$ cat work.pdb   # PDB, C-alpha atoms
MODEL        1
ATOM      1  CA  MET A 277     -25.097-138.112 -57.186
ATOM      2  CA  GLU A 278     -23.318-136.180 -54.503
ATOM      3  CA  GLN A 279     -20.528-133.800 -55.519
ATOM      4  CA  ARG A 280     -17.128-135.409 -55.410
ATOM      5  CA  ILE A 281     -14.211-136.808 -57.354
ATOM      6  CA  SER A 282     -12.706-139.704 -55.419
ATOM      7  CA  LEU A 283      -9.822-140.655 -57.672
ATOM      8  CA  THR A 284      -8.369-139.036 -60.771
ATOM      9  CA  THR A 285      -6.564-141.575 -62.965
ATOM     10  CA  LEU A 286      -4.055-140.311 -65.518
ATOM     11  CA  GLY A 287      -3.337-142.669 -68.408
ATOM     12  CA  VAL A 288       0.405-142.831 -69.100
ATOM     13  CA  ARG A 289       2.561-144.407 -71.799
ATOM     14  CA  ASP A 290       5.610-145.079 -69.619
ATOM     15  CA  MET A 291       4.950-145.772 -65.938
ATOM     16  CA  GLY A 292       8.580-145.411 -64.883
ATOM     17  CA  ARG A 293       8.884-142.032 -66.537
ATOM     18  CA  ALA A 294       5.553-140.810 -65.137
ATOM     19  CA  VAL A 295       6.316-141.930 -61.587
ATOM     20  CA  ALA A 296       9.784-140.362 -61.752
ATOM     21  CA  PHE A 297       8.220-137.081 -62.850
ATOM     22  CA  TYR A 298       5.752-136.834 -59.955
ATOM     23  CA  GLU A 299       8.350-138.006 -57.458
ATOM     24  CA  ALA A 300      10.696-135.310 -58.766
ATOM     25  CA  LEU A 301       7.958-132.809 -57.905
ATOM     26  CA  GLY A 302       8.188-134.064 -54.351
ATOM     27  CA  TRP A 303       5.129-136.311 -54.319
ATOM     28  CA  ARG A 304       5.252-139.567 -52.346
ATOM     29  CA  ARG A 305       3.496-142.761 -53.426
ATOM     30  CA  ALA A 306       1.104-144.659 -51.229
ATOM     31  CA  GLU A 307       1.391-148.429 -51.050
ATOM     32  CA  ALA A 308      -0.324-149.791 -54.142
ATOM     33  CA  PRO A 309      -0.323-152.928 -56.251
ATOM     34  CA  GLU A 310       2.167-153.391 -59.042
ATOM     35  CA  GLY A 311       1.102-151.767 -62.263
ATOM     36  CA  MET A 312      -0.246-148.556 -60.780
ATOM     37  CA  ALA A 313       1.051-145.660 -58.703
ATOM     38  CA  VAL A 314      -1.190-143.839 -56.238
ATOM     39  CA  PHE A 315      -0.736-140.498 -54.515
ATOM     40  CA  ASP A 316      -3.035-139.676 -51.616
ATOM     41  CA  LEU A 317      -4.362-136.116 -51.888
ATOM     42  CA  ILE A 318      -6.832-134.151 -49.771
ATOM     43  CA  GLY A 319     -10.059-136.139 -49.741
ATOM     44  CA  GLN A 320      -9.171-137.773 -53.055
ATOM     45  CA  ALA A 321      -6.288-139.584 -54.729
ATOM     46  CA  LEU A 322      -4.358-139.408 -57.990
ATOM     47  CA  ALA A 323      -3.376-142.587 -59.827
ATOM     48  CA  LEU A 324      -0.950-143.152 -62.684
ATOM     49  CA  TYR A 325      -1.981-146.113 -64.787
ATOM     50  CA  PRO A 326      -0.929-147.461 -68.200
ATOM     51  CA  LEU A 327      -2.934-146.002 -71.061
ATOM     52  CA  GLU A 328      -3.750-149.444 -72.514
ATOM     53  CA  ASP A 329      -5.017-150.713 -69.155
ATOM     54  CA  LEU A 330      -7.146-147.608 -68.730
ATOM     55  CA  ALA A 331      -8.656-148.148 -72.191
ATOM     56  CA  ARG A 332      -9.324-151.809 -71.414
ATOM     57  CA  ASP A 333     -11.034-150.930 -68.124
ATOM     58  CA  MET A 334     -13.191-148.346 -69.930
ATOM     59  CA  GLY A 335     -14.128-150.883 -72.573
ATOM     60  CA  LEU A 336     -12.465-148.810 -75.311
ATOM     61  CA  ALA A 337      -9.764-149.524 -77.882
ATOM     62  CA  PRO A 338      -6.349-148.188 -76.772
ATOM     63  CA  GLU A 339      -6.193-145.892 -79.822
ATOM     64  CA  ALA A 340      -9.361-144.197 -78.565
ATOM     65  CA  LEU A 341      -7.293-142.574 -75.815
ATOM     66  CA  GLY A 342      -4.816-139.860 -76.704
ATOM     67  CA  ALA A 343      -2.393-137.645 -74.814
ATOM     68  CA  GLY A 344      -3.804-136.390 -71.561
ATOM     69  CA  ALA A 345      -6.348-139.211 -71.233
ATOM     70  CA  ALA A 346      -7.837-139.492 -67.752
ATOM     71  CA  SER A 347     -10.817-140.719 -65.810
ATOM     72  CA  TYR A 348     -12.555-139.293 -62.763
ATOM     73  CA  ALA A 349     -13.834-141.819 -60.274
ATOM     74  CA  TYR A 350     -17.019-141.235 -58.345
ATOM     75  CA  ASN A 351     -16.864-143.751 -55.518
ATOM     76  CA  VAL A 352     -19.969-145.021 -53.781
ATOM     77  CA  GLN A 353     -20.596-146.497 -50.339
ATOM     78  CA  GLU A 354     -22.698-149.477 -51.424
ATOM     79  CA  LYS A 355     -22.063-152.043 -54.141
ATOM     80  CA  SER A 356     -25.589-151.664 -55.505
ATOM     81  CA  GLU A 357     -25.104-147.941 -56.067
ATOM     82  CA  VAL A 358     -22.792-148.494 -59.035
ATOM     83  CA  ALA A 359     -25.623-149.542 -61.347
ATOM     84  CA  GLU A 360     -27.918-146.851 -59.919
ATOM     85  CA  VAL A 361     -25.455-144.058 -60.629
ATOM     86  CA  LEU A 362     -24.756-145.349 -64.144
ATOM     87  CA  GLU A 363     -28.495-145.372 -64.813
ATOM     88  CA  ALA A 364     -28.869-141.827 -63.470
ATOM     89  CA  ALA A 365     -26.004-140.722 -65.731
ATOM     90  CA  ARG A 366     -27.635-142.375 -68.731
ATOM     91  CA  GLU A 367     -30.904-140.596 -67.979
ATOM     92  CA  ALA A 368     -29.009-137.294 -67.760
ATOM     93  CA  GLY A 369     -27.598-137.863 -71.249
ATOM     94  CA  ALA A 370     -24.330-139.728 -70.644
ATOM     95  CA  GLU A 371     -23.039-142.508 -72.853
ATOM     96  CA  VAL A 372     -22.485-145.551 -70.665
ATOM     97  CA  LEU A 373     -19.179-147.052 -71.849
ATOM     98  CA  LYS A 374     -19.249-150.037 -69.533
ATOM     99  CA  GLU A 375     -22.120-151.314 -67.411
ATOM    100  CA  ALA A 376     -21.620-152.213 -63.741
ATOM    101  CA  GLU A 377     -19.554-155.346 -63.309
ATOM    102  CA  ASP A 378     -17.287-156.931 -60.736
ATOM    103  CA  THR A 379     -13.693-155.836 -61.277
ATOM    104  CA  PHE A 380     -10.509-157.916 -61.297
ATOM    105  CA  TRP A 381      -9.365-156.100 -58.158
ATOM    106  CA  GLY A 382     -12.327-157.142 -56.054
ATOM    107  CA  GLY A 383     -14.627-154.149 -56.380
ATOM    108  CA  ARG A 384     -17.444-153.225 -58.719
ATOM    109  CA  GLY A 385     -17.447-150.497 -61.333
ATOM    110  CA  GLY A 386     -18.594-149.063 -64.620
ATOM    111  CA  TYR A 387     -17.837-146.076 -66.852
ATOM    112  CA  PHE A 388     -19.732-143.277 -68.528
ATOM    113  CA  ALA A 389     -18.739-140.357 -70.733
ATOM    114  CA  ASP A 390     -20.258-136.901 -70.318
ATOM    115  CA  PRO A 391     -21.470-135.014 -73.424
ATOM    116  CA  ASP A 392     -17.931-133.713 -74.080
ATOM    117  CA  GLY A 393     -16.172-137.047 -73.727
ATOM    118  CA  HIS A 394     -14.888-136.691 -70.163
ATOM    119  CA  VAL A 395     -14.867-140.192 -68.744
ATOM    120  CA  TRP A 396     -16.187-140.963 -65.264
ATOM    121  CA  GLU A 397     -15.743-144.228 -63.435
ATOM    122  CA  VAL A 398     -18.387-145.193 -60.901
ATOM    123  CA  ALA A 399     -16.683-147.445 -58.373
ATOM    124  CA  TRP A 400     -17.351-149.382 -55.231
ATOM    125  CA  ASN A 401     -14.060-150.165 -53.508
ATOM    126  CA  PRO A 402     -14.417-152.263 -50.342
ATOM    127  CA  PHE A 403     -10.763-151.640 -49.427
ATOM    128  CA  SER A 404     -11.154-147.848 -49.384
ATOM    129  CA  PRO A 405     -14.561-147.022 -47.899
ATOM    130  CA  LEU A 406     -15.490-143.354 -48.136
ATOM    131  CA  ARG A 407     -15.273-141.278 -45.000
ATOM    132  CA  GLU A 408     -18.484-139.960 -43.487
ATOM    133  CA  ASP A 409     -18.170-136.642 -45.303
ATOM    134  CA  GLY A 410     -17.676-138.457 -48.600
ATOM    135  CA  ALA A 411     -13.940-137.839 -48.750
ATOM    136  CA  PHE A 412     -11.747-140.587 -50.168
ATOM    137  CA  ARG A 413      -8.519-141.849 -48.727
ATOM    138  CA  TRP A 414      -6.497-144.524 -50.457
ATOM    139  CA  GLY A 415      -6.874-147.590 -48.294
ATOM    140  CA  GLY A 416      -4.340-149.974 -49.676
ATOM    141  CA  TYR A 417      -5.401-153.032 -51.526
ATOM    142  CA  ALA A 418      -6.650-156.573 -51.270
ATOM    143  CA  PRO A 419      -4.670-159.038 -49.142
ATOM    144  CA  SER A 420      -4.066-161.065 -52.306
ATOM    145  CA  GLY A 421      -1.916-158.239 -53.567
ATOM    146  CA  GLU A 422      -4.378-157.280 -56.243
ATOM    147  CA  ALA A 423      -5.500-153.715 -56.688
ATOM    148  CA  GLY A 424      -7.956-152.184 -54.255
TER     149      GLY A 424
ATOM    150  CA  MET B 259       4.975-129.294 -54.407
ATOM    151  CA  GLU B 260       2.528-130.603 -51.893
ATOM    152  CA  GLN B 261       0.015-133.224 -52.979
ATOM    153  CA  ARG B 262      -3.272-131.747 -54.096
ATOM    154  CA  ILE B 263      -5.570-130.919 -56.961
ATOM    155  CA  SER B 264      -7.413-127.699 -56.189
ATOM    156  CA  LEU B 265      -9.616-127.380 -59.240
ATOM    157  CA  THR B 266     -10.314-129.719 -62.149
ATOM    158  CA  THR B 267     -11.440-127.827 -65.234
ATOM    159  CA  LEU B 268     -13.271-129.714 -67.965
ATOM    160  CA  GLY B 269     -13.189-128.116 -71.410
ATOM    161  CA  VAL B 270     -16.642-128.227 -73.029
ATOM    162  CA  ARG B 271     -18.012-127.385 -76.464
ATOM    163  CA  ASP B 272     -21.471-126.313 -75.337
ATOM    164  CA  MET B 273     -21.737-124.768 -71.873
ATOM    165  CA  GLY B 274     -25.520-124.986 -71.696
ATOM    166  CA  ARG B 275     -25.503-128.671 -72.530
ATOM    167  CA  ALA B 276     -22.658-129.430 -70.110
ATOM    168  CA  VAL B 277     -24.235-127.531 -67.221
ATOM    169  CA  ALA B 278     -27.596-129.200 -67.867
ATOM    170  CA  PHE B 279     -25.922-132.603 -67.747
ATOM    171  CA  TYR B 280     -24.244-132.097 -64.354
ATOM    172  CA  GLU B 281     -27.342-130.446 -62.922
ATOM    173  CA  ALA B 282     -29.377-133.446 -64.099
ATOM    174  CA  LEU B 283     -27.002-135.594 -62.033
ATOM    175  CA  GLY B 284     -28.073-133.549 -59.034
ATOM    176  CA  TRP B 285     -25.070-131.257 -58.770
ATOM    177  CA  ARG B 286     -25.561-127.647 -57.715
ATOM    178  CA  ARG B 287     -23.502-124.738 -59.029
ATOM    179  CA  ALA B 288     -21.677-122.324 -56.813
ATOM    180  CA  GLU B 289     -21.886-118.630 -57.588
ATOM    181  CA  ALA B 290     -19.416-117.963 -60.383
ATOM    182  CA  PRO B 291     -18.803-115.403 -63.103
ATOM    183  CA  GLU B 292     -20.507-115.674 -66.456
ATOM    184  CA  GLY B 293     -18.737-117.978 -68.848
ATOM    185  CA  MET B 294     -17.890-120.707 -66.373
ATOM    186  CA  ALA B 295     -19.738-123.075 -64.066
ATOM    187  CA  VAL B 296     -18.240-124.205 -60.764
ATOM    188  CA  PHE B 297     -19.216-127.066 -58.481
ATOM    189  CA  ASP B 298     -17.728-127.127 -54.994
ATOM    190  CA  LEU B 299     -16.473-130.610 -54.092
ATOM    191  CA  ILE B 300     -14.671-131.955 -51.032
ATOM    192  CA  GLY B 301     -11.489-129.928 -50.695
ATOM    193  CA  GLN B 302     -11.474-129.137 -54.388
ATOM    194  CA  ALA B 303     -13.795-127.848 -57.100
ATOM    195  CA  LEU B 304     -14.864-128.835 -60.601
ATOM    196  CA  ALA B 305     -15.268-126.206 -63.314
ATOM    197  CA  LEU B 306     -16.894-126.388 -66.736
ATOM    198  CA  TYR B 307     -15.284-123.967 -69.141
ATOM    199  CA  PRO B 308     -15.427-123.485 -72.920
ATOM    200  CA  LEU B 309     -12.818-125.496 -74.784
ATOM    201  CA  GLU B 310     -11.565-122.469 -76.741
ATOM    202  CA  ASP B 311     -11.131-120.416 -73.572
ATOM    203  CA  LEU B 312      -9.268-123.275 -71.913
ATOM    204  CA  ALA B 313      -6.934-123.515 -74.923
ATOM    205  CA  ARG B 314      -6.367-119.751 -74.880
ATOM    206  CA  ASP B 315      -5.546-119.794 -71.164
ATOM    207  CA  MET B 316      -3.091-122.662 -71.707
ATOM    208  CA  GLY B 317      -1.456-120.782 -74.570
ATOM    209  CA  LEU B 318      -2.453-123.476 -77.065
ATOM    210  CA  ALA B 319      -4.408-123.451 -80.327
ATOM    211  CA  PRO B 320      -8.030-124.597 -79.817
ATOM    212  CA  GLU B 321      -7.486-127.544 -82.183
ATOM    213  CA  ALA B 322      -4.775-128.818 -79.821
ATOM    214  CA  LEU B 323      -7.520-129.811 -77.366
ATOM    215  CA  GLY B 324      -9.777-132.753 -78.188
ATOM    216  CA  ALA B 325     -12.668-134.517 -76.503
ATOM    217  CA  GLY B 326     -12.144-134.944 -72.787
ATOM    218  CA  ALA B 327      -9.679-132.050 -72.506
ATOM    219  CA  ALA B 328      -9.090-130.917 -68.945
ATOM    220  CA  SER B 329      -6.639-129.194 -66.660
ATOM    221  CA  TYR B 330      -5.766-129.807 -63.043
ATOM    222  CA  ALA B 331      -5.053-126.734 -60.965
ATOM    223  CA  TYR B 332      -2.465-126.758 -58.222
ATOM    224  CA  ASN B 333      -3.229-123.660 -56.192
ATOM    225  CA  VAL B 334      -0.612-121.919 -54.084
ATOM    226  CA  GLN B 335      -0.819-119.660 -51.042
ATOM    227  CA  GLU B 336       1.579-116.971 -52.238
ATOM    228  CA  LYS B 337       1.716-115.125 -55.534
ATOM    229  CA  SER B 338       5.460-115.715 -55.856
ATOM    230  CA  GLU B 339       5.006-119.481 -55.642
ATOM    231  CA  VAL B 340       3.515-119.696 -59.137
ATOM    232  CA  ALA B 341       6.865-119.134 -60.849
ATOM    233  CA  GLU B 342       8.653-121.336 -58.313
ATOM    234  CA  VAL B 343       6.361-124.303 -58.933
ATOM    235  CA  LEU B 344       6.593-123.888 -62.712
ATOM    236  CA  GLU B 345      10.379-123.895 -62.415
ATOM    237  CA  ALA B 346      10.306-127.020 -60.238
ATOM    238  CA  ALA B 347       8.054-128.709 -62.809
ATOM    239  CA  ARG B 348      10.425-127.743 -65.625
ATOM    240  CA  GLU B 349      13.349-129.204 -63.691
ATOM    241  CA  ALA B 350      11.367-132.417 -63.187
ATOM    242  CA  GLY B 351      10.872-132.723 -66.950
ATOM    243  CA  ALA B 352       7.614-130.869 -67.616
ATOM    244  CA  GLU B 353       6.998-128.729 -70.656
ATOM    245  CA  VAL B 354       5.996-125.272 -69.456
ATOM    246  CA  LEU B 355       3.143-124.195 -71.732
ATOM    247  CA  LYS B 356       2.735-120.744 -70.234
ATOM    248  CA  GLU B 357       5.027-118.935 -67.841
ATOM    249  CA  ALA B 358       3.658-117.214 -64.726
ATOM    250  CA  GLU B 359       1.649-114.131 -65.554
ATOM    251  CA  ASP B 360      -1.130-112.049 -64.061
ATOM    252  CA  THR B 361      -4.510-113.349 -65.195
ATOM    253  CA  PHE B 362      -7.511-111.425 -66.478
ATOM    254  CA  TRP B 363      -9.464-112.485 -63.378
ATOM    255  CA  GLY B 364      -7.071-110.895 -60.915
ATOM    256  CA  GLY B 365      -4.865-113.819 -59.969
ATOM    257  CA  ARG B 366      -1.594-115.185 -61.256
ATOM    258  CA  GLY B 367      -1.033-118.453 -63.070
ATOM    259  CA  GLY B 368       0.853-120.577 -65.562
ATOM    260  CA  TYR B 369       0.572-124.013 -67.148
ATOM    261  CA  PHE B 370       2.750-127.068 -67.600
ATOM    262  CA  ALA B 371       2.246-130.458 -69.253
ATOM    263  CA  ASP B 372       3.512-133.666 -67.666
ATOM    264  CA  PRO B 373       5.400-136.196 -69.845
ATOM    265  CA  ASP B 374       2.095-137.711 -71.032
ATOM    266  CA  GLY B 375       0.397-134.451 -71.924
ATOM    267  CA  HIS B 376      -1.742-134.001 -68.809
ATOM    268  CA  VAL B 377      -2.004-130.263 -68.285
ATOM    269  CA  TRP B 378      -1.573-128.662 -64.872
ATOM    270  CA  GLU B 379      -2.348-125.082 -64.021
ATOM    271  CA  VAL B 380      -0.389-123.467 -61.210
ATOM    272  CA  ALA B 381      -2.592-120.747 -59.789
ATOM    273  CA  TRP B 382      -2.659-118.108 -57.125
ATOM    274  CA  ASN B 383      -6.239-117.047 -56.491
ATOM    275  CA  PRO B 384      -6.615-114.258 -53.909
ATOM    276  CA  PHE B 385     -10.403-114.767 -53.802
ATOM    277  CA  SER B 386     -10.151-118.425 -52.793
ATOM    278  CA  PRO B 387      -7.238-118.783 -50.345
ATOM    279  CA  LEU B 388      -6.398-122.377 -49.505
ATOM    280  CA  ARG B 389      -7.449-123.663 -46.116
ATOM    281  CA  GLU B 390      -4.750-124.498 -43.589
ATOM    282  CA  ASP B 391      -4.715-128.156 -44.611
ATOM    283  CA  GLY B 392      -4.328-127.176 -48.257
ATOM    284  CA  ALA B 393      -7.931-127.930 -49.189
ATOM    285  CA  PHE B 394      -9.618-125.656 -51.687
ATOM    286  CA  ARG B 395     -13.041-124.184 -51.439
ATOM    287  CA  TRP B 396     -14.489-122.036 -54.175
ATOM    288  CA  GLY B 397     -14.551-118.542 -52.743
ATOM    289  CA  GLY B 398     -16.608-116.629 -55.203
ATOM    290  CA  TYR B 399     -15.047-114.051 -57.420
ATOM    291  CA  ALA B 400     -13.774-110.535 -57.700
ATOM    292  CA  PRO B 401     -16.104-107.684 -56.727
ATOM    293  CA  SER B 402     -15.889-106.459 -60.319
ATOM    294  CA  GLY B 403     -17.776-109.557 -61.385
ATOM    295  CA  GLU B 404     -14.778-111.035 -63.105
ATOM    296  CA  ALA B 405     -13.683-114.597 -62.426
ATOM    297  CA  GLY B 406     -11.913-115.475 -59.189
TER     298      GLY B 406
ENDMDL
END
$ encode --input "work.pdb" --output "structure tokens"
Amino acid sequence: MEQRISLTTLGVRDMGRAVAFYEALGWRRAEAPEGMAVFDLIGQALALYPLEDLARDMGLAPEALGAGAASYAYNVQEKSEVAEVLEAAREAGAEVLKEAEDTFWGGRGGYFADPDGHVWEVAWNPFSPLREDGAFRWGGYAPSGEAG
Amino acid sequence: MEQRISLTTLGVRDMGRAVAFYEALGWRRAEAPEGMAVFDLIGQALALYPLEDLARDMGLAPEALGAGAASYAYNVQEKSEVAEVLEAAREAGAEVLKEAEDTFWGGRGGYFADPDGHVWEVAWNPFSPLREDGAFRWGGYAPSGEAG
């Protein structure tokens, strides 16, 4: 694995309230599909996403996620790398929460937890290819209107 | 506030185990003071830090932080901005956990929680000034050997 966080996703209980909070801080949303809010940062992005959806994507029960729940996405350049990175994480001692699979938004991803329960997503997102230096920039979403 | 995360700090129960895990993934530590591990990323950094120390810095009881606890640092260019950003967060609806104060490592910082309990640190770190574009690069630490 290279050293990067591509996307930090904060699980929230009330999307309207969460979006209003970050907008009140002066942050501006990027174009994103309904059901999530994305803020483009410097070489990464921050997403707000319902807690229950985050739990579902991780393959966990919603009650497994408490206040402050989040995931850190490590994005890869090639679709096949998702499974490779999950395997490397498992060998390093991670608990793989969800094996690599195609996602509803047209990418491929999986999840692992580090020894202290911090959850990482490994993601291939064809709509937001990484820049040459590995930096991530939110690239919109699929033409169908689904998440990207 | 501009849009950035300067430093993501993961609270861990066993530093040796946590460091071994990320090193097994192939990550390489930057030079950092004893008691924390820092990995330089792209325009930001990731720190591993004992859970009890993270709770203390946030002004919370250690039992308030569970598995997966983390904080997101928003670094500022000027010392006086710490209090200003905390005030802006309070006005936007945040709970300020710790007001601006000088830190043991020679900087200045404070903490707030967003409406869903995600904890942000607002930090001025004279040893790691932000780059012109706002990106953060771990800049070592104070000559005394204390954290920076």
$ closest_atom_pairs --input "work.pdb" --of "stretch 317-402 of chain A" --to "stretch 387-397 of chain B" --cutoff "10 Å" --atoms "only C-alpha atoms" --output "Markdown table"
| residue | atom | partner | partner_atom | distance |
| --- | --- | --- | --- | --- |
| A:Leu317 | CA | B:Ala393 | CA | 9.3 |
| A:Ile318 | CA | B:Ala393 | CA | 6.3 |
| A:Gly319 | CA | B:Ala393 | CA | 8.5 |
$ residues_around --input "work.pdb" --residues "stretch 333-350 of chain A" --least-positions-apart "6" --cutoff "9 Å" --atoms "only C-alpha atoms" --output "PyMOL selection string"
(chain A and resi 277-289+327+373-374+379+386-388+394-400) or (chain B and resi 324+326-328+371-372+374-377)
$ closest_residue --input "work.pdb" --among "A:Val372, A:Ala365, A:Val352, A:Ala331" --to "B:Phe279" --atoms "only C-alpha atoms"
A:Ala365
$ closest_residue --input "work.pdb" --among "B:Arg275, B:Ala288, B:Glu339, B:Ala358" --to "B:Pro308" --atoms "only C-alpha atoms"
B:Arg275
$ atom_distance --input "work.pdb" --atom1 "atom CA of A:Trp303" --atom2 "atom CA of B:Glu359"
25.1 Å
$ atom_distance --input "work.pdb" --atom1 "atom CA of A:Ala294" --atom2 "atom CA of A:Val314"
11.6 Å
$ atom_distance --input "work.pdb" --atom1 "atom CA of B:Tyr280" --atom2 "atom CA of A:Leu324"
25.8 Å
$ axis_aligned_box --input "work.pdb" --around "stretch 296-312 of chain B" --padding-each-side "6 Å" --output "JSON"
{"center_x": -14.2, "center_y": -126.2, "center_z": -63.7, "size_x": 21.9, "size_y": 23.5, "size_z": 38.0}
$ closest_residue --input "work.pdb" --among "A:Met291, A:Val358, A:Leu330, A:Ala308" --to "chain B" --atoms "all atoms listed in the file"
A:Met291
$ closest_residue --input "work.pdb" --among "A:Gly302, A:Ser404, A:Gly292, A:Gly369" --to "A:Ala321" --atoms "only C-alpha atoms"
A:Ser404
$ closest_residue --input "work.pdb" --among "B:Val277, B:Ala282, B:Met294, B:Leu344" --to "chain A" --atoms "all atoms listed in the file"
B:Ala282
